[in-house]
Amino acid sequence: MSSSRHALHLHEQLLLLVLRDRKGTVDYRAGFYNLAMGGAVLAELALAGVIRIEESKKAFVETTPVAGRPRDEIMAEALDRVRNSKKRRRASSWVSTFGNLKRLRHRTALGLCRRGILRTKESQILLVFRRKLYPTIDPGPERKLIAGMRDAVMGDGDIEAGLGVVLSLAHATGSLRIHFERKELKERKARLKAITAGEPFTAGAGYPAIAAQKAVKAAVAASQAAVAATQAAVVASIAASSSS
């Protein structure tokens with residue numbers, strides 16, 4: 001992928017959508033943003049043809065004979081994990097794994113810092129703890145992304161594959177409400193359903209339209225399953241704590 005500021009990986013685009021521009025913190029409405037990023041990594045690997053997601057309820061993931069290794073360190077690490085896995089795992093399991101890669105948010109943000117889109121800042125909490133923040137210094141890429149998303153949701157035309165993936169995963173994990181009013185999302189419910197199903201996708205970024213449709217449907221379904229599993233685990237943990 002090009003080093004252009006506007007040629008961003010899908011997980012990088014999703015991080016831009018959830019970071020607050022001035023503060024550099026994750027928006028409170030993006031509770032499952034890491035799973036959206038994990039789904040984006042899965043989808044991009046599938047679109048690149050280096051993995052295949054079975055078209056079945058179990059949706060097992062396996063590598064393909066396609067050679068090569070992504071230049072992006074996060075994408076490369078994710079592909080290595082699939083290649084080195086001793087057993088086949090479901091797409092939802094990989095979404096969770098990719099979404100919980102070590103320092104995923106920070107590593108992704110640092111890549112955006114190197115492009116001159118974000119900057120690194122530190123803040124201190126209670127005079128003891130320090131945390132990394134990533135305020136925006138070049139809002140151009142995010143504004144372009146949001147404008148494209150708005151055109152896609154409010155319009156009825158075809159959508160480029162990469163934009164469709166980001167839009168679908170942001171919607172599936174609740175992050176889309178950061179940039180759209182609740183009323184808008186409700187009014188365009190049918191359109192959003194079609195987008196998450198991959199119906200209006202066209203070939204883009206070198207990806208065939210049919211491959212994009214399959215990858216999006218699989219990644220969105222896997223991300224939704226990962227979110228449901230996470231929610232169930234949280235509920236079970238709270239119930240266990242209450243009964244002890």
# chains A, B, ... in the order shown; residues from 1 in each chain; ligands from 1
$ select_by_dssp --residues "range 1-239 of chain A" --states "alpha helix (DSSP H)" --output "VMD selection string"
chain A and resid 10 to 18 33 to 47 73 to 84 91 to 99 104 to 114 140 to 154 161 to 172 182 to 187 189 to 196 209 to 239
$ residues_around --residues "range 139-150 of chain A" --least-positions-apart "3" --cutoff "10 Å" --atoms "only C-alpha atoms" --output "ChimeraX atom specification"
/A:5-8,13-17,21,117-118,135-136,153-155,159-160,163-164,166-168,176,179-180
$ closest_residue --among "A:Val227, A:Ala211, A:Ala172, A:Val95" --to "Gly38 in chain A" --atoms "only C-alpha atoms"
A:Val95
$ residues_around --residues "Glu199 in chain A" --least-positions-apart "6" --cutoff "10 Å" --atoms "only C-alpha atoms" --output "VMD selection string"
chain A and resid 158 to 159 164 191 193 209 to 210 212 to 214 216 to 217
$ write_last_selection --atoms "N, CA, C and O atoms" --output "PDB file, in the first residue's frame"
ATOM      1  N   ASP A 158     -23.421   2.684  -5.896  1.00  0.00           N
ATOM      2  CA  ASP A 158     -22.463   1.664  -5.490  1.00  0.00           C
ATOM      3  C   ASP A 158     -21.394   2.271  -4.595  1.00  0.00           C
ATOM      4  O   ASP A 158     -21.149   3.479  -4.614  1.00  0.00           O
ATOM      5  N   ILE A 159     -20.731   1.403  -3.818  1.00  0.00           N
ATOM      6  CA  ILE A 159     -19.728   1.843  -2.855  1.00  0.00           C
ATOM      7  C   ILE A 159     -18.416   1.115  -3.117  1.00  0.00           C
ATOM      8  O   ILE A 159     -18.408  -0.096  -3.333  1.00  0.00           O
ATOM      9  N   GLY A 164     -16.758   0.501   1.986  1.00  0.00           N
ATOM     10  CA  GLY A 164     -17.862  -0.341   2.437  1.00  0.00           C
ATOM     11  C   GLY A 164     -17.508  -1.160   3.654  1.00  0.00           C
ATOM     12  O   GLY A 164     -18.324  -1.336   4.564  1.00  0.00           O
ATOM     13  N   ARG A 191     -30.850   1.037   3.871  1.00  0.00           N
ATOM     14  CA  ARG A 191     -29.605   1.249   3.141  1.00  0.00           C
ATOM     15  C   ARG A 191     -28.428   0.648   3.916  1.00  0.00           C
ATOM     16  O   ARG A 191     -27.557  -0.007   3.335  1.00  0.00           O
ATOM     17  N   LYS A 193     -28.528  -1.789   6.036  1.00  0.00           N
ATOM     18  CA  LYS A 193     -28.644  -3.239   5.988  1.00  0.00           C
ATOM     19  C   LYS A 193     -28.065  -3.783   4.690  1.00  0.00           C
ATOM     20  O   LYS A 193     -27.375  -4.810   4.677  1.00  0.00           O
ATOM     21  N   ALA A 209     -15.466  -7.108  -7.111  1.00  0.00           N
ATOM     22  CA  ALA A 209     -16.685  -6.783  -6.361  1.00  0.00           C
ATOM     23  C   ALA A 209     -17.206  -7.983  -5.592  1.00  0.00           C
ATOM     24  O   ALA A 209     -17.642  -7.869  -4.449  1.00  0.00           O
ATOM     25  N   ILE A 210     -17.193  -9.168  -6.208  1.00  0.00           N
ATOM     26  CA  ILE A 210     -17.727 -10.354  -5.542  1.00  0.00           C
ATOM     27  C   ILE A 210     -16.886 -10.728  -4.330  1.00  0.00           C
ATOM     28  O   ILE A 210     -17.410 -11.148  -3.297  1.00  0.00           O
ATOM     29  N   ALA A 212     -15.213  -8.590  -2.545  1.00  0.00           N
ATOM     30  CA  ALA A 212     -15.512  -7.574  -1.540  1.00  0.00           C
ATOM     31  C   ALA A 212     -16.800  -7.910  -0.805  1.00  0.00           C
ATOM     32  O   ALA A 212     -16.893  -7.800   0.415  1.00  0.00           O
ATOM     33  N   GLN A 213     -17.810  -8.319  -1.550  1.00  0.00           N
ATOM     34  CA  GLN A 213     -19.098  -8.653  -0.948  1.00  0.00           C
ATOM     35  C   GLN A 213     -18.956  -9.792   0.052  1.00  0.00           C
ATOM     36  O   GLN A 213     -19.455  -9.730   1.174  1.00  0.00           O
ATOM     37  N   LYS A 214     -18.247 -10.839  -0.340  1.00  0.00           N
ATOM     38  CA  LYS A 214     -18.068 -11.989   0.542  1.00  0.00           C
ATOM     39  C   LYS A 214     -17.251 -11.634   1.777  1.00  0.00           C
ATOM     40  O   LYS A 214     -17.574 -12.047   2.895  1.00  0.00           O
ATOM     41  N   VAL A 216     -16.849  -8.677   3.185  1.00  0.00           N
ATOM     42  CA  VAL A 216     -17.595  -7.793   4.085  1.00  0.00           C
ATOM     43  C   VAL A 216     -18.635  -8.572   4.885  1.00  0.00           C
ATOM     44  O   VAL A 216     -18.738  -8.428   6.104  1.00  0.00           O
ATOM     45  N   LYS A 217     -19.406  -9.395   4.217  1.00  0.00           N
ATOM     46  CA  LYS A 217     -20.432 -10.176   4.910  1.00  0.00           C
ATOM     47  C   LYS A 217     -19.805 -11.043   5.997  1.00  0.00           C
ATOM     48  O   LYS A 217     -20.309 -11.121   7.121  1.00  0.00           O
TER      49      LYS A 217
END
$ select_by_dssp --residues "range 38-159 of chain A" --states "strand (DSSP E)" --output "ChimeraX atom specification"
/A:51-53,60-63,89-90,121-125,129-133,159
$ write_last_selection --atoms "C-alpha atoms" --output "PDB file, in the first residue's frame"
ATOM      1  CA  ILE A  51      -6.786 -15.925   3.645  1.00  0.00           C
ATOM      2  CA  ARG A  52     -10.139 -17.462   2.819  1.00  0.00           C
ATOM      3  CA  ILE A  53     -13.248 -17.432   4.998  1.00  0.00           C
ATOM      4  CA  PHE A  60     -13.541 -21.232   9.417  1.00  0.00           C
ATOM      5  CA  VAL A  61     -10.519 -19.229   8.262  1.00  0.00           C
ATOM      6  CA  GLU A  62      -7.607 -20.735   6.373  1.00  0.00           C
ATOM      7  CA  THR A  63      -4.629 -19.381   4.490  1.00  0.00           C
ATOM      8  CA  ARG A  89     -10.506 -21.318  13.937  1.00  0.00           C
ATOM      9  CA  ARG A  90     -13.704 -19.441  13.192  1.00  0.00           C
ATOM     10  CA  LYS A 121       1.006  13.388  23.607  1.00  0.00           C
ATOM     11  CA  GLU A 122       1.221  12.210  27.208  1.00  0.00           C
ATOM     12  CA  SER A 123      -1.090  13.068  30.084  1.00  0.00           C
ATOM     13  CA  GLN A 124      -0.842  12.313  33.763  1.00  0.00           C
ATOM     14  CA  ILE A 125      -3.657  10.868  35.871  1.00  0.00           C
ATOM     15  CA  PHE A 129      -0.361   7.165  35.951  1.00  0.00           C
ATOM     16  CA  ARG A 130       0.629   8.329  32.492  1.00  0.00           C
ATOM     17  CA  ARG A 131      -1.268   7.644  29.290  1.00  0.00           C
ATOM     18  CA  LYS A 132      -0.641   8.169  25.602  1.00  0.00           C
ATOM     19  CA  LEU A 133      -2.966  10.452  23.642  1.00  0.00           C
ATOM     20  CA  ILE A 159     -19.728   1.843  -2.855  1.00  0.00           C
TER      21      ILE A 159
END
$ atom_distance --atom1 "CA of Leu101 in chain A" --atom2 "CA of His9 in chain A"
16.0 Å
$ closest_residue --among "A:Tyr33, A:Thr120, A:Val82, A:Leu45" --to "Ala219 in chain A" --atoms "only C-alpha atoms"
A:Leu45
$ closest_residue --among "A:Asp151, A:Glu12, A:Glu184, A:Asp138" --to "Ala36 in chain A" --atoms "only C-alpha atoms"
A:Glu12
$ atom_distance --atom1 "CA of Ala226 in chain A" --atom2 "CA of Gly99 in chain A"
9.6 Å
$ decode --residues "range 49-93 of chain A" --atoms "N, CA and C atoms" --output "mmCIF file, in the first residue's frame"
data_model
loop_
_atom_site.group_PDB
_atom_site.id
_atom_site.type_symbol
_atom_site.label_atom_id
_atom_site.label_comp_id
_atom_site.auth_asym_id
_atom_site.auth_seq_id
_atom_site.Cartn_x
_atom_site.Cartn_y
_atom_site.Cartn_z
ATOM 1 N N GLY A 49 -6.556 -11.701 -0.601
ATOM 2 C CA GLY A 49 -6.469 -13.065 -1.098
ATOM 3 C C GLY A 49 -5.511 -13.972 -0.356
ATOM 4 N N VAL A 50 -4.981 -13.518 0.803
ATOM 5 C CA VAL A 50 -4.026 -14.352 1.539
ATOM 6 C C VAL A 50 -4.710 -15.268 2.542
ATOM 7 N N ILE A 51 -5.990 -15.005 2.839
ATOM 8 C CA ILE A 51 -6.786 -15.925 3.645
ATOM 9 C C ILE A 51 -8.134 -16.132 2.957
ATOM 10 N N ARG A 52 -8.806 -17.194 3.346
ATOM 11 C CA ARG A 52 -10.139 -17.462 2.819
ATOM 12 C C ARG A 52 -11.061 -17.767 3.993
ATOM 13 N N ILE A 53 -12.257 -17.195 3.952
ATOM 14 C CA ILE A 53 -13.248 -17.432 4.998
ATOM 15 C C ILE A 53 -14.339 -18.322 4.415
ATOM 16 N N GLU A 54 -14.545 -19.469 5.025
ATOM 17 C CA GLU A 54 -15.548 -20.407 4.522
ATOM 18 C C GLU A 54 -16.942 -19.788 4.518
ATOM 19 N N GLU A 55 -17.698 -20.076 3.487
ATOM 20 C CA GLU A 55 -19.077 -19.598 3.408
ATOM 21 C C GLU A 55 -20.004 -20.604 4.088
ATOM 22 N N SER A 56 -19.931 -20.648 5.394
ATOM 23 C CA SER A 56 -20.762 -21.560 6.183
ATOM 24 C C SER A 56 -21.007 -20.918 7.536
ATOM 25 N N LYS A 57 -21.872 -21.515 8.336
ATOM 26 C CA LYS A 57 -22.172 -20.962 9.658
ATOM 27 C C LYS A 57 -20.932 -20.929 10.545
ATOM 28 N N LYS A 58 -20.072 -21.923 10.406
ATOM 29 C CA LYS A 58 -18.874 -21.966 11.239
ATOM 30 C C LYS A 58 -17.815 -20.979 10.757
ATOM 31 N N ALA A 59 -17.821 -20.660 9.473
ATOM 32 C CA ALA A 59 -16.926 -19.644 8.892
ATOM 33 C C ALA A 59 -15.478 -19.817 9.336
ATOM 34 N N PHE A 60 -14.943 -20.998 9.093
ATOM 35 C CA PHE A 60 -13.541 -21.232 9.417
ATOM 36 C C PHE A 60 -12.649 -20.406 8.498
ATOM 37 N N VAL A 61 -11.483 -20.019 9.021
ATOM 38 C CA VAL A 61 -10.519 -19.229 8.262
ATOM 39 C C VAL A 61 -9.299 -20.088 7.966
ATOM 40 N N GLU A 62 -8.823 -20.017 6.734
ATOM 41 C CA GLU A 62 -7.607 -20.735 6.373
ATOM 42 C C GLU A 62 -6.792 -19.878 5.414
ATOM 43 N N THR A 63 -5.492 -20.135 5.393
ATOM 44 C CA THR A 63 -4.629 -19.381 4.490
ATOM 45 C C THR A 63 -4.743 -19.944 3.073
ATOM 46 N N THR A 64 -4.291 -19.175 2.117
ATOM 47 C CA THR A 64 -4.327 -19.579 0.713
ATOM 48 C C THR A 64 -2.889 -19.723 0.201
ATOM 49 N N PRO A 65 -2.706 -20.273 -0.991
ATOM 50 C CA PRO A 65 -1.350 -20.417 -1.553
ATOM 51 C C PRO A 65 -0.709 -19.098 -1.960
ATOM 52 N N VAL A 66 -1.457 -18.010 -1.874
ATOM 53 C CA VAL A 66 -0.903 -16.704 -2.269
ATOM 54 C C VAL A 66 0.309 -16.373 -1.393
ATOM 55 N N ALA A 67 1.429 -16.101 -2.045
ATOM 56 C CA ALA A 67 2.666 -15.816 -1.311
ATOM 57 C C ALA A 67 2.717 -14.348 -0.900
ATOM 58 N N GLY A 68 3.723 -14.037 -0.108
ATOM 59 C CA GLY A 68 3.913 -12.647 0.286
ATOM 60 C C GLY A 68 3.484 -12.390 1.722
ATOM 61 N N ARG A 69 3.940 -11.257 2.219
ATOM 62 C CA ARG A 69 3.656 -10.856 3.591
ATOM 63 C C ARG A 69 3.380 -9.359 3.587
ATOM 64 N N PRO A 70 2.291 -8.926 4.234
ATOM 65 C CA PRO A 70 1.969 -7.491 4.244
ATOM 66 C C PRO A 70 3.101 -6.658 4.835
ATOM 67 N N ARG A 71 3.270 -5.452 4.333
ATOM 68 C CA ARG A 71 4.289 -4.551 4.875
ATOM 69 C C ARG A 71 3.887 -4.016 6.236
ATOM 70 N N ASP A 72 2.608 -3.785 6.410
ATOM 71 C CA ASP A 72 2.107 -3.272 7.692
ATOM 72 C C ASP A 72 2.340 -4.318 8.775
ATOM 73 N N GLU A 73 2.954 -3.908 9.894
ATOM 74 C CA GLU A 73 3.332 -4.870 10.932
ATOM 75 C C GLU A 73 2.133 -5.547 11.586
ATOM 76 N N ILE A 74 1.038 -4.840 11.710
ATOM 77 C CA ILE A 74 -0.155 -5.438 12.315
ATOM 78 C C ILE A 74 -0.776 -6.460 11.381
ATOM 79 N N MET A 75 -0.884 -6.118 10.109
ATOM 80 C CA MET A 75 -1.405 -7.055 9.122
ATOM 81 C C MET A 75 -0.513 -8.286 9.031
ATOM 82 N N ALA A 76 0.805 -8.073 9.052
ATOM 83 C CA ALA A 76 1.757 -9.180 8.961
ATOM 84 C C ALA A 76 1.646 -10.102 10.170
ATOM 85 N N GLU A 77 1.526 -9.505 11.354
ATOM 86 C CA GLU A 77 1.393 -10.309 12.571
ATOM 87 C C GLU A 77 0.112 -11.137 12.540
ATOM 88 N N ALA A 78 -0.969 -10.532 12.072
ATOM 89 C CA ALA A 78 -2.250 -11.233 12.000
ATOM 90 C C ALA A 78 -2.155 -12.420 11.042
ATOM 91 N N LEU A 79 -1.562 -12.194 9.875
ATOM 92 C CA LEU A 79 -1.420 -13.282 8.901
ATOM 93 C C LEU A 79 -0.531 -14.395 9.455
ATOM 94 N N ASP A 80 0.547 -14.037 10.136
ATOM 95 C CA ASP A 80 1.432 -15.041 10.735
ATOM 96 C C ASP A 80 0.684 -15.901 11.742
ATOM 97 N N ARG A 81 -0.207 -15.268 12.492
ATOM 98 C CA ARG A 81 -0.971 -16.030 13.495
ATOM 99 C C ARG A 81 -1.869 -17.068 12.841
ATOM 100 N N VAL A 82 -2.486 -16.681 11.731
ATOM 101 C CA VAL A 82 -3.341 -17.636 11.020
ATOM 102 C C VAL A 82 -2.491 -18.757 10.436
ATOM 103 N N ARG A 83 -1.381 -18.390 9.819
ATOM 104 C CA ARG A 83 -0.508 -19.390 9.202
ATOM 105 C C ARG A 83 0.086 -20.349 10.223
ATOM 106 N N ASN A 84 0.374 -19.864 11.410
ATOM 107 C CA ASN A 84 1.025 -20.685 12.428
ATOM 108 C C ASN A 84 0.049 -21.377 13.373
ATOM 109 N N SER A 85 -1.244 -21.135 13.182
ATOM 110 C CA SER A 85 -2.242 -21.760 14.053
ATOM 111 C C SER A 85 -2.255 -23.279 13.831
ATOM 112 N N LYS A 86 -2.285 -24.042 14.918
ATOM 113 C CA LYS A 86 -2.254 -25.502 14.818
ATOM 114 C C LYS A 86 -3.611 -26.086 14.448
ATOM 115 N N LYS A 87 -4.658 -25.282 14.563
ATOM 116 C CA LYS A 87 -5.982 -25.756 14.180
ATOM 117 C C LYS A 87 -6.772 -24.635 13.531
ATOM 118 N N ARG A 88 -7.744 -25.026 12.759
ATOM 119 C CA ARG A 88 -8.598 -24.017 12.115
ATOM 120 C C ARG A 88 -9.475 -23.346 13.159
ATOM 121 N N ARG A 89 -9.664 -22.058 13.006
ATOM 122 C CA ARG A 89 -10.506 -21.318 13.937
ATOM 123 C C ARG A 89 -11.535 -20.514 13.169
ATOM 124 N N ARG A 90 -12.635 -20.202 13.828
ATOM 125 C CA ARG A 90 -13.704 -19.441 13.192
ATOM 126 C C ARG A 90 -13.308 -17.980 13.017
ATOM 127 N N ALA A 91 -13.985 -17.350 12.069
ATOM 128 C CA ALA A 91 -13.703 -15.941 11.785
ATOM 129 C C ALA A 91 -13.918 -15.073 13.027
ATOM 130 N N SER A 92 -14.973 -15.349 13.790
ATOM 131 C CA SER A 92 -15.254 -14.543 14.989
ATOM 132 C C SER A 92 -14.131 -14.664 16.014
ATOM 133 N N SER A 93 -13.511 -15.842 16.079
ATOM 134 C CA SER A 93 -12.390 -16.038 16.993
ATOM 135 C C SER A 93 -11.189 -15.203 16.556
#
